[in-house]
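Visitor: So that we are looking at the same thing, I have put the structure below in structure tokens.
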Amino acid sequence: MSVPRVRESEVFGLPSQQPVPGWGFLPIYSYLVRGPTPILVDTGAAVDNAAFVEALDTVMDLRDLRYVLLTHEDADHAGALEAVLDRAPRARLVTTATGFGKLGAQLAIDPSRVDLVKPGCALALGDTRATVLRPPHYDSPATLALHVPARRMLFTSDAFGAFVRAMVERAEALPLGPLGAGMSAF
């Protein structure tokens with residue numbers, strides 16, 4: 001788990017990586033959208049559970065977190081979910097019925113803290129207006145993308161995932177051939 005990086009004013013990337021033998025790394029990002037109504041998109045990898053919460057603590061008081069949107073329930077996206085919800089007593093989990101069903105087999109999540117959504121629905125997350133979409137590529141029927149038009153942001157889950165030789169800030173920094181091969185392999 002790395003230090004949170006400011007992606008844009010009040011938006012922080014929470015980067016991590018998992019080694020992939022023969023390929024390099026799988027970059028893993030969660031995002032915190034701060035503001036009057038803080039929103040966390042994904043909760044990092046399960047192997048980074050404690051480090052994720054510690055990194056998140058450096059950019060916000062978790063008691064102020066209001067929403068956790070899971071793009072899907074895989075361990076590299078929902079790894080610290082239980083720890084985050086424990087530390088953020090007023091936060092609501094936003095996911096699909098399928099995602100919640102799968103998570104319920106692993107975690108004890110209070111259903112009264114969950115907002116179930118499906119692609120196409122509009123969301124009012126406090127002061128943030130967003131739309132839930134189905135990303136162009138996905139590996140779980142629970143996968144969501146979140147479009148926040150006012151911030152010109154689209155959180156897409158694994159839609160553009162790739163194995164990479166080195167961690168970089170922007171995909172443009174990677175040679176196109178190896179990036180394409182890493183995307184195909186992923």
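A note on labels: chains of the structure tokens are A, B, ... as shown, every chain counts residues from 1, and ligands are counted from 1 in their shown order.
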Can you tell me, as a list in words, what residues are no more than 7 Å from A:Phe163 when counting only C-alpha atoms, ignoring any on the same chain fewer than 2 positions away?

Guide: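 Contacts, with the query itself left out: Trp23, Gly24, Phe25, Leu26, Gly182, Met183 and Phe186 of chain A.
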
Visitor: Take the selection from the previous step and output its residues with C-alpha atoms, as an mmCIF file, in the first residue's frame.

Guide:
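Written file, selection-v3.cif:
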```cif
data_model
loop_
_atom_site.group_PDB
_atom_site.id
_atom_site.type_symbol
_atom_site.label_atom_id
_atom_site.label_comp_id
_atom_site.auth_asym_id
_atom_site.auth_seq_id
_atom_site.Cartn_x
_atom_site.Cartn_y
_atom_site.Cartn_z
ATOM 1 C CA TRP A 23 4.228 -10.102 -15.740
ATOM 2 C CA GLY A 24 5.219 -7.619 -13.049
ATOM 3 C CA PHE A 25 2.324 -6.131 -11.110
ATOM 4 C CA LEU A 26 -1.414 -5.742 -10.983
ATOM 5 C CA GLY A 182 -0.956 -6.823 -20.122
ATOM 6 C CA MET A 183 -4.598 -5.877 -20.716
ATOM 7 C CA PHE A 186 -5.612 -9.632 -17.446
#
```

Visitor: Identify all residues of chain A in alpha helix (DSSP H) (DSSP on the backbone) and supply them as number ranges by chain.

Guide: A: 49-57, 81-87, 97-104, 176-185

Visitor: If you run DSSP over the backbone, which residues in chain A end up strand (DSSP E)? Put them as a PDB file with N, CA, C and O atoms, in the first residue's frame.

Guide:
```pdb
ATOM      1  N   ARG A   5      -2.475   9.537  -3.153  1.00  0.00           N
ATOM      2  CA  ARG A   5      -2.051  10.560  -4.105  1.00  0.00           C
ATOM      3  C   ARG A   5      -3.237  11.415  -4.498  1.00  0.00           C
ATOM      4  O   ARG A   5      -4.308  10.897  -4.797  1.00  0.00           O
ATOM      5  N   VAL A   6      -3.035  12.717  -4.523  1.00  0.00           N
ATOM      6  CA  VAL A   6      -4.093  13.622  -4.966  1.00  0.00           C
ATOM      7  C   VAL A   6      -4.215  13.475  -6.475  1.00  0.00           C
ATOM      8  O   VAL A   6      -3.255  13.667  -7.208  1.00  0.00           O
ATOM      9  N   ARG A   7      -5.389  13.085  -6.940  1.00  0.00           N
ATOM     10  CA  ARG A   7      -5.638  12.927  -8.367  1.00  0.00           C
ATOM     11  C   ARG A   7      -6.179  14.224  -8.950  1.00  0.00           C
ATOM     12  O   ARG A   7      -5.961  14.533 -10.095  1.00  0.00           O
ATOM     13  N   GLU A   8      -6.931  14.913  -8.172  1.00  0.00           N
ATOM     14  CA  GLU A   8      -7.552  16.175  -8.549  1.00  0.00           C
ATOM     15  C   GLU A   8      -7.954  16.782  -7.208  1.00  0.00           C
ATOM     16  O   GLU A   8      -7.996  16.101  -6.203  1.00  0.00           O
ATOM     17  N   VAL A  11      -9.845  14.695  -4.592  1.00  0.00           N
ATOM     18  CA  VAL A  11      -9.957  13.297  -5.006  1.00  0.00           C
ATOM     19  C   VAL A  11      -8.595  12.648  -4.801  1.00  0.00           C
ATOM     20  O   VAL A  11      -7.589  13.117  -5.325  1.00  0.00           O
ATOM     21  N   PHE A  12      -8.581  11.583  -4.029  1.00  0.00           N
ATOM     22  CA  PHE A  12      -7.336  10.901  -3.701  1.00  0.00           C
ATOM     23  C   PHE A  12      -7.365   9.481  -4.245  1.00  0.00           C
ATOM     24  O   PHE A  12      -8.349   8.763  -4.066  1.00  0.00           O
ATOM     25  N   GLY A  13      -6.282   9.087  -4.895  1.00  0.00           N
ATOM     26  CA  GLY A  13      -6.095   7.697  -5.291  1.00  0.00           C
ATOM     27  C   GLY A  13      -5.380   6.972  -4.170  1.00  0.00           C
ATOM     28  O   GLY A  13      -4.430   7.507  -3.590  1.00  0.00           O
ATOM     29  N   LEU A  14      -5.848   5.795  -3.839  1.00  0.00           N
ATOM     30  CA  LEU A  14      -5.216   4.968  -2.807  1.00  0.00           C
ATOM     31  C   LEU A  14      -4.618   3.753  -3.524  1.00  0.00           C
ATOM     32  O   LEU A  14      -5.311   2.762  -3.761  1.00  0.00           O
ATOM     33  N   PRO A  15      -3.332   3.848  -3.913  1.00  0.00           N
ATOM     34  CA  PRO A  15      -2.727   2.827  -4.752  1.00  0.00           C
ATOM     35  C   PRO A  15      -2.138   1.653  -3.981  1.00  0.00           C
ATOM     36  O   PRO A  15      -1.660   1.791  -2.864  1.00  0.00           O
ATOM     37  N   SER A  16      -2.198   0.520  -4.614  1.00  0.00           N
ATOM     38  CA  SER A  16      -1.552  -0.687  -4.125  1.00  0.00           C
ATOM     39  C   SER A  16      -1.159  -1.489  -5.347  1.00  0.00           C
ATOM     40  O   SER A  16      -1.491  -1.129  -6.481  1.00  0.00           O
ATOM     41  N   GLN A  17      -0.468  -2.565  -5.127  1.00  0.00           N
ATOM     42  CA  GLN A  17      -0.084  -3.435  -6.229  1.00  0.00           C
ATOM     43  C   GLN A  17       0.107  -4.849  -5.714  1.00  0.00           C
ATOM     44  O   GLN A  17       0.466  -5.047  -4.562  1.00  0.00           O
ATOM     45  N   GLN A  18      -0.158  -5.787  -6.571  1.00  0.00           N
ATOM     46  CA  GLN A  18       0.083  -7.181  -6.254  1.00  0.00           C
ATOM     47  C   GLN A  18       1.045  -7.731  -7.298  1.00  0.00           C
ATOM     48  O   GLN A  18       0.827  -7.534  -8.499  1.00  0.00           O
ATOM     49  N   PRO A  19       2.116  -8.425  -6.855  1.00  0.00           N
ATOM     50  CA  PRO A  19       3.044  -9.002  -7.830  1.00  0.00           C
ATOM     51  C   PRO A  19       2.363 -10.120  -8.621  1.00  0.00           C
ATOM     52  O   PRO A  19       1.568 -10.885  -8.071  1.00  0.00           O
ATOM     53  N   VAL A  20       2.659 -10.179  -9.914  1.00  0.00           N
ATOM     54  CA  VAL A  20       2.151 -11.231 -10.791  1.00  0.00           C
ATOM     55  C   VAL A  20       3.374 -11.855 -11.459  1.00  0.00           C
ATOM     56  O   VAL A  20       3.988 -11.222 -12.333  1.00  0.00           O
ATOM     57  N   GLY A  24       4.903  -8.842 -13.791  1.00  0.00           N
ATOM     58  CA  GLY A  24       5.219  -7.619 -13.049  1.00  0.00           C
ATOM     59  C   GLY A  24       4.224  -7.406 -11.934  1.00  0.00           C
ATOM     60  O   GLY A  24       4.275  -8.080 -10.910  1.00  0.00           O
ATOM     61  N   PHE A  25       3.267  -6.499 -12.169  1.00  0.00           N
ATOM     62  CA  PHE A  25       2.324  -6.131 -11.110  1.00  0.00           C
ATOM     63  C   PHE A  25       0.910  -5.976 -11.634  1.00  0.00           C
ATOM     64  O   PHE A  25       0.697  -5.672 -12.805  1.00  0.00           O
ATOM     65  N   LEU A  26      -0.028  -6.131 -10.739  1.00  0.00           N
ATOM     66  CA  LEU A  26      -1.414  -5.742 -10.983  1.00  0.00           C
ATOM     67  C   LEU A  26      -1.650  -4.487 -10.148  1.00  0.00           C
ATOM     68  O   LEU A  26      -1.646  -4.550  -8.916  1.00  0.00           O
ATOM     69  N   PRO A  27      -1.818  -3.320 -10.784  1.00  0.00           N
ATOM     70  CA  PRO A  27      -2.121  -2.109 -10.019  1.00  0.00           C
ATOM     71  C   PRO A  27      -3.535  -2.203  -9.433  1.00  0.00           C
ATOM     72  O   PRO A  27      -4.456  -2.688 -10.091  1.00  0.00           O
ATOM     73  N   ILE A  28      -3.686  -1.756  -8.211  1.00  0.00           N
ATOM     74  CA  ILE A  28      -4.985  -1.758  -7.545  1.00  0.00           C
ATOM     75  C   ILE A  28      -5.212  -0.358  -6.992  1.00  0.00           C
ATOM     76  O   ILE A  28      -4.391   0.146  -6.228  1.00  0.00           O
ATOM     77  N   TYR A  29      -6.314   0.259  -7.394  1.00  0.00           N
ATOM     78  CA  TYR A  29      -6.628   1.608  -6.920  1.00  0.00           C
ATOM     79  C   TYR A  29      -8.020   1.654  -6.321  1.00  0.00           C
ATOM     80  O   TYR A  29      -8.960   1.095  -6.859  1.00  0.00           O
ATOM     81  N   SER A  30      -8.126   2.364  -5.218  1.00  0.00           N
ATOM     82  CA  SER A  30      -9.397   2.799  -4.662  1.00  0.00           C
ATOM     83  C   SER A  30      -9.330   4.322  -4.688  1.00  0.00           C
ATOM     84  O   SER A  30      -8.238   4.888  -4.794  1.00  0.00           O
ATOM     85  N   TYR A  31     -10.490   4.959  -4.588  1.00  0.00           N
ATOM     86  CA  TYR A  31     -10.521   6.421  -4.666  1.00  0.00           C
ATOM     87  C   TYR A  31     -11.391   7.006  -3.568  1.00  0.00           C
ATOM     88  O   TYR A  31     -12.467   6.486  -3.283  1.00  0.00           O
ATOM     89  N   LEU A  32     -10.913   8.092  -2.993  1.00  0.00           N
ATOM     90  CA  LEU A  32     -11.683   8.843  -2.018  1.00  0.00           C
ATOM     91  C   LEU A  32     -12.042  10.177  -2.648  1.00  0.00           C
ATOM     92  O   LEU A  32     -11.157  10.922  -3.091  1.00  0.00           O
ATOM     93  N   VAL A  33     -13.343  10.455  -2.725  1.00  0.00           N
ATOM     94  CA  VAL A  33     -13.830  11.746  -3.205  1.00  0.00           C
ATOM     95  C   VAL A  33     -14.256  12.513  -1.958  1.00  0.00           C
ATOM     96  O   VAL A  33     -15.281  12.208  -1.346  1.00  0.00           O
ATOM     97  N   ILE A  39     -17.056  10.163  -0.294  1.00  0.00           N
ATOM     98  CA  ILE A  39     -17.399   8.894  -0.921  1.00  0.00           C
ATOM     99  C   ILE A  39     -16.112   8.124  -1.168  1.00  0.00           C
ATOM    100  O   ILE A  39     -15.165   8.648  -1.754  1.00  0.00           O
ATOM    101  N   LEU A  40     -16.091   6.877  -0.755  1.00  0.00           N
ATOM    102  CA  LEU A  40     -14.966   5.987  -1.014  1.00  0.00           C
ATOM    103  C   LEU A  40     -15.398   4.991  -2.086  1.00  0.00           C
ATOM    104  O   LEU A  40     -16.435   4.334  -1.945  1.00  0.00           O
ATOM    105  N   VAL A  41     -14.630   4.904  -3.169  1.00  0.00           N
ATOM    106  CA  VAL A  41     -14.903   3.937  -4.226  1.00  0.00           C
ATOM    107  C   VAL A  41     -13.904   2.798  -4.054  1.00  0.00           C
ATOM    108  O   VAL A  41     -12.710   2.960  -4.279  1.00  0.00           O
ATOM    109  N   TYR A  67     -20.324   7.369   2.325  1.00  0.00           N
ATOM    110  CA  TYR A  67     -20.666   6.313   1.377  1.00  0.00           C
ATOM    111  C   TYR A  67     -19.433   5.513   0.985  1.00  0.00           C
ATOM    112  O   TYR A  67     -18.355   6.073   0.805  1.00  0.00           O
ATOM    113  N   VAL A  68     -19.629   4.211   0.850  1.00  0.00           N
ATOM    114  CA  VAL A  68     -18.626   3.321   0.279  1.00  0.00           C
ATOM    115  C   VAL A  68     -19.306   2.656  -0.906  1.00  0.00           C
ATOM    116  O   VAL A  68     -20.275   1.914  -0.736  1.00  0.00           O
ATOM    117  N   LEU A  69     -18.840   2.974  -2.108  1.00  0.00           N
ATOM    118  CA  LEU A  69     -19.374   2.333  -3.291  1.00  0.00           C
ATOM    119  C   LEU A  69     -18.401   1.243  -3.716  1.00  0.00           C
ATOM    120  O   LEU A  69     -17.226   1.516  -3.919  1.00  0.00           O
ATOM    121  N   ARG A  92     -22.670   4.397   4.486  1.00  0.00           N
ATOM    122  CA  ARG A  92     -23.584   3.445   3.845  1.00  0.00           C
ATOM    123  C   ARG A  92     -22.836   2.736   2.731  1.00  0.00           C
ATOM    124  O   ARG A  92     -22.035   3.342   2.025  1.00  0.00           O
ATOM    125  N   LEU A  93     -23.101   1.461   2.578  1.00  0.00           N
ATOM    126  CA  LEU A  93     -22.516   0.671   1.507  1.00  0.00           C
ATOM    127  C   LEU A  93     -23.443   0.722   0.299  1.00  0.00           C
ATOM    128  O   LEU A  93     -24.650   0.470   0.427  1.00  0.00           O
ATOM    129  N   VAL A  94     -22.892   1.056  -0.862  1.00  0.00           N
ATOM    130  CA  VAL A  94     -23.651   1.090  -2.108  1.00  0.00           C
ATOM    131  C   VAL A  94     -23.119  -0.031  -2.990  1.00  0.00           C
ATOM    132  O   VAL A  94     -21.937  -0.058  -3.342  1.00  0.00           O
ATOM    133  N   THR A  95     -24.002  -0.985  -3.331  1.00  0.00           N
ATOM    134  CA  THR A  95     -23.618  -2.134  -4.152  1.00  0.00           C
ATOM    135  C   THR A  95     -24.864  -2.712  -4.807  1.00  0.00           C
ATOM    136  O   THR A  95     -25.963  -2.205  -4.608  1.00  0.00           O
ATOM    137  N   VAL A 114     -27.079  -0.664   3.915  1.00  0.00           N
ATOM    138  CA  VAL A 114     -26.804  -0.961   2.509  1.00  0.00           C
ATOM    139  C   VAL A 114     -27.845  -0.313   1.600  1.00  0.00           C
ATOM    140  O   VAL A 114     -29.046  -0.379   1.869  1.00  0.00           O
ATOM    141  N   ASP A 115     -27.370   0.316   0.528  1.00  0.00           N
ATOM    142  CA  ASP A 115     -28.232   0.828  -0.541  1.00  0.00           C
ATOM    143  C   ASP A 115     -27.961  -0.022  -1.775  1.00  0.00           C
ATOM    144  O   ASP A 115     -26.837  -0.029  -2.293  1.00  0.00           O
ATOM    145  N   LEU A 116     -28.986  -0.754  -2.236  1.00  0.00           N
ATOM    146  CA  LEU A 116     -28.834  -1.590  -3.419  1.00  0.00           C
ATOM    147  C   LEU A 116     -29.147  -0.772  -4.664  1.00  0.00           C
ATOM    148  O   LEU A 116     -30.142  -0.044  -4.707  1.00  0.00           O
ATOM    149  N   ALA A 122     -29.930   6.649 -11.107  1.00  0.00           N
ATOM    150  CA  ALA A 122     -29.311   7.899 -10.674  1.00  0.00           C
ATOM    151  C   ALA A 122     -29.142   7.845  -9.164  1.00  0.00           C
ATOM    152  O   ALA A 122     -29.997   7.300  -8.458  1.00  0.00           O
ATOM    153  N   LEU A 123     -28.048   8.395  -8.684  1.00  0.00           N
ATOM    154  CA  LEU A 123     -27.768   8.411  -7.247  1.00  0.00           C
ATOM    155  C   LEU A 123     -27.594   9.839  -6.762  1.00  0.00           C
ATOM    156  O   LEU A 123     -26.974  10.657  -7.433  1.00  0.00           O
ATOM    157  N   ALA A 124     -28.095  10.093  -5.583  1.00  0.00           N
ATOM    158  CA  ALA A 124     -27.811  11.325  -4.864  1.00  0.00           C
ATOM    159  C   ALA A 124     -27.035  10.896  -3.628  1.00  0.00           C
ATOM    160  O   ALA A 124     -27.600  10.357  -2.679  1.00  0.00           O
ATOM    161  N   LEU A 125     -25.723  11.082  -3.688  1.00  0.00           N
ATOM    162  CA  LEU A 125     -24.852  10.732  -2.568  1.00  0.00           C
ATOM    163  C   LEU A 125     -24.519  12.030  -1.848  1.00  0.00           C
ATOM    164  O   LEU A 125     -23.494  12.645  -2.092  1.00  0.00           O
ATOM    165  N   THR A 128     -23.372  14.988  -4.035  1.00  0.00           N
ATOM    166  CA  THR A 128     -22.843  14.465  -5.297  1.00  0.00           C
ATOM    167  C   THR A 128     -23.929  13.728  -6.063  1.00  0.00           C
ATOM    168  O   THR A 128     -24.580  12.832  -5.518  1.00  0.00           O
ATOM    169  N   ARG A 129     -24.102  14.121  -7.315  1.00  0.00           N
ATOM    170  CA  ARG A 129     -25.050  13.433  -8.200  1.00  0.00           C
ATOM    171  C   ARG A 129     -24.246  12.524  -9.111  1.00  0.00           C
ATOM    172  O   ARG A 129     -23.229  12.937  -9.679  1.00  0.00           O
ATOM    173  N   ALA A 130     -24.694  11.281  -9.235  1.00  0.00           N
ATOM    174  CA  ALA A 130     -23.959  10.300 -10.023  1.00  0.00           C
ATOM    175  C   ALA A 130     -24.933   9.342 -10.700  1.00  0.00           C
ATOM    176  O   ALA A 130     -26.118   9.296 -10.347  1.00  0.00           O
ATOM    177  N   THR A 131     -24.412   8.601 -11.646  1.00  0.00           N
ATOM    178  CA  THR A 131     -25.185   7.568 -12.324  1.00  0.00           C
ATOM    179  C   THR A 131     -24.416   6.262 -12.234  1.00  0.00           C
ATOM    180  O   THR A 131     -23.188   6.245 -12.427  1.00  0.00           O
ATOM    181  N   VAL A 132     -25.126   5.194 -11.946  1.00  0.00           N
ATOM    182  CA  VAL A 132     -24.532   3.867 -11.921  1.00  0.00           C
ATOM    183  C   VAL A 132     -24.613   3.294 -13.330  1.00  0.00           C
ATOM    184  O   VAL A 132     -25.662   3.346 -13.974  1.00  0.00           O
ATOM    185  N   LEU A 133     -23.490   2.794 -13.820  1.00  0.00           N
ATOM    186  CA  LEU A 133     -23.416   2.228 -15.161  1.00  0.00           C
ATOM    187  C   LEU A 133     -22.845   0.817 -15.115  1.00  0.00           C
ATOM    188  O   LEU A 133     -22.234   0.418 -14.120  1.00  0.00           O
ATOM    189  N   ALA A 145     -19.966   0.704 -12.569  1.00  0.00           N
ATOM    190  CA  ALA A 145     -19.133   1.880 -12.804  1.00  0.00           C
ATOM    191  C   ALA A 145     -19.919   3.057 -12.235  1.00  0.00           C
ATOM    192  O   ALA A 145     -21.148   3.020 -12.189  1.00  0.00           O
ATOM    193  N   LEU A 146     -19.223   4.070 -11.785  1.00  0.00           N
ATOM    194  CA  LEU A 146     -19.872   5.252 -11.225  1.00  0.00           C
ATOM    195  C   LEU A 146     -19.458   6.466 -12.039  1.00  0.00           C
ATOM    196  O   LEU A 146     -18.271   6.772 -12.151  1.00  0.00           O
ATOM    197  N   HIS A 147     -20.434   7.154 -12.617  1.00  0.00           N
ATOM    198  CA  HIS A 147     -20.179   8.361 -13.392  1.00  0.00           C
ATOM    199  C   HIS A 147     -20.609   9.565 -12.563  1.00  0.00           C
ATOM    200  O   HIS A 147     -21.755   9.640 -12.117  1.00  0.00           O
ATOM    201  N   VAL A 148     -19.675  10.483 -12.357  1.00  0.00           N
ATOM    202  CA  VAL A 148     -19.936  11.720 -11.623  1.00  0.00           C
ATOM    203  C   VAL A 148     -19.717  12.869 -12.609  1.00  0.00           C
ATOM    204  O   VAL A 148     -18.600  13.367 -12.767  1.00  0.00           O
ATOM    205  N   MET A 153     -15.798  12.528 -13.925  1.00  0.00           N
ATOM    206  CA  MET A 153     -15.123  11.318 -13.484  1.00  0.00           C
ATOM    207  C   MET A 153     -15.958  10.092 -13.788  1.00  0.00           C
ATOM    208  O   MET A 153     -17.184  10.121 -13.719  1.00  0.00           O
ATOM    209  N   LEU A 154     -15.245   9.011 -14.100  1.00  0.00           N
ATOM    210  CA  LEU A 154     -15.856   7.704 -14.305  1.00  0.00           C
ATOM    211  C   LEU A 154     -14.978   6.681 -13.617  1.00  0.00           C
ATOM    212  O   LEU A 154     -13.810   6.524 -13.962  1.00  0.00           O
ATOM    213  N   PHE A 155     -15.520   6.030 -12.612  1.00  0.00           N
ATOM    214  CA  PHE A 155     -14.817   4.975 -11.893  1.00  0.00           C
ATOM    215  C   PHE A 155     -15.295   3.661 -12.499  1.00  0.00           C
ATOM    216  O   PHE A 155     -16.473   3.321 -12.403  1.00  0.00           O
TER     217      PHE A 155
END
```

Visitor: Find the distance between atom CA of A:Ser157 and atom CA of A:Thr71 and write it in Å to one decimal.

Guide: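 Distance between the two atoms: 5.5 Å.
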
Visitor: Nearest to A:Ala55 among A:Leu174, A:Ile109, A:Gly35, A:Thr43, with distances taken over only C-alpha atoms: which residue is it?

Guide: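 Checking each candidate against A:Ala55, we get A:Thr43 as the closest.
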
Visitor: Here is a test: counting only C-alpha atoms, which residue of A:Ala91, A:Leu144, A:Cys121, A:Ala105 is nearest to A:Arg63?

Guide: A:Ala91

Visitor: Looking at A:Leu103, A:Ala45, A:Leu62, A:Ala142, which one is nearest to A:Lys118, with distances taken over only C-alpha atoms?

Guide: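 Among A:Leu103, A:Ala45, A:Leu62, A:Ala142, it is A:Ala142 that comes nearest to A:Lys118.
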
Visitor: Which one is closest to A:Asp64: A:Gly99, A:Pro135, A:Gly126, A:Pro36? Count only C-alpha atoms.

Guide: A:Pro36

Visitor: To one decimal place, how far is atom CA of A:Asp158 from atom CA of A:Arg134 in Å?

Guide: 11.4 Å

Visitor: One decimal, Å: what's the distance from atom CA of A:Arg90 over to atom CA of A:Arg113, could you say?

Guide: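 Separating atom CA of A:Arg90 from atom CA of A:Arg113 is a distance of 8.3 Å.
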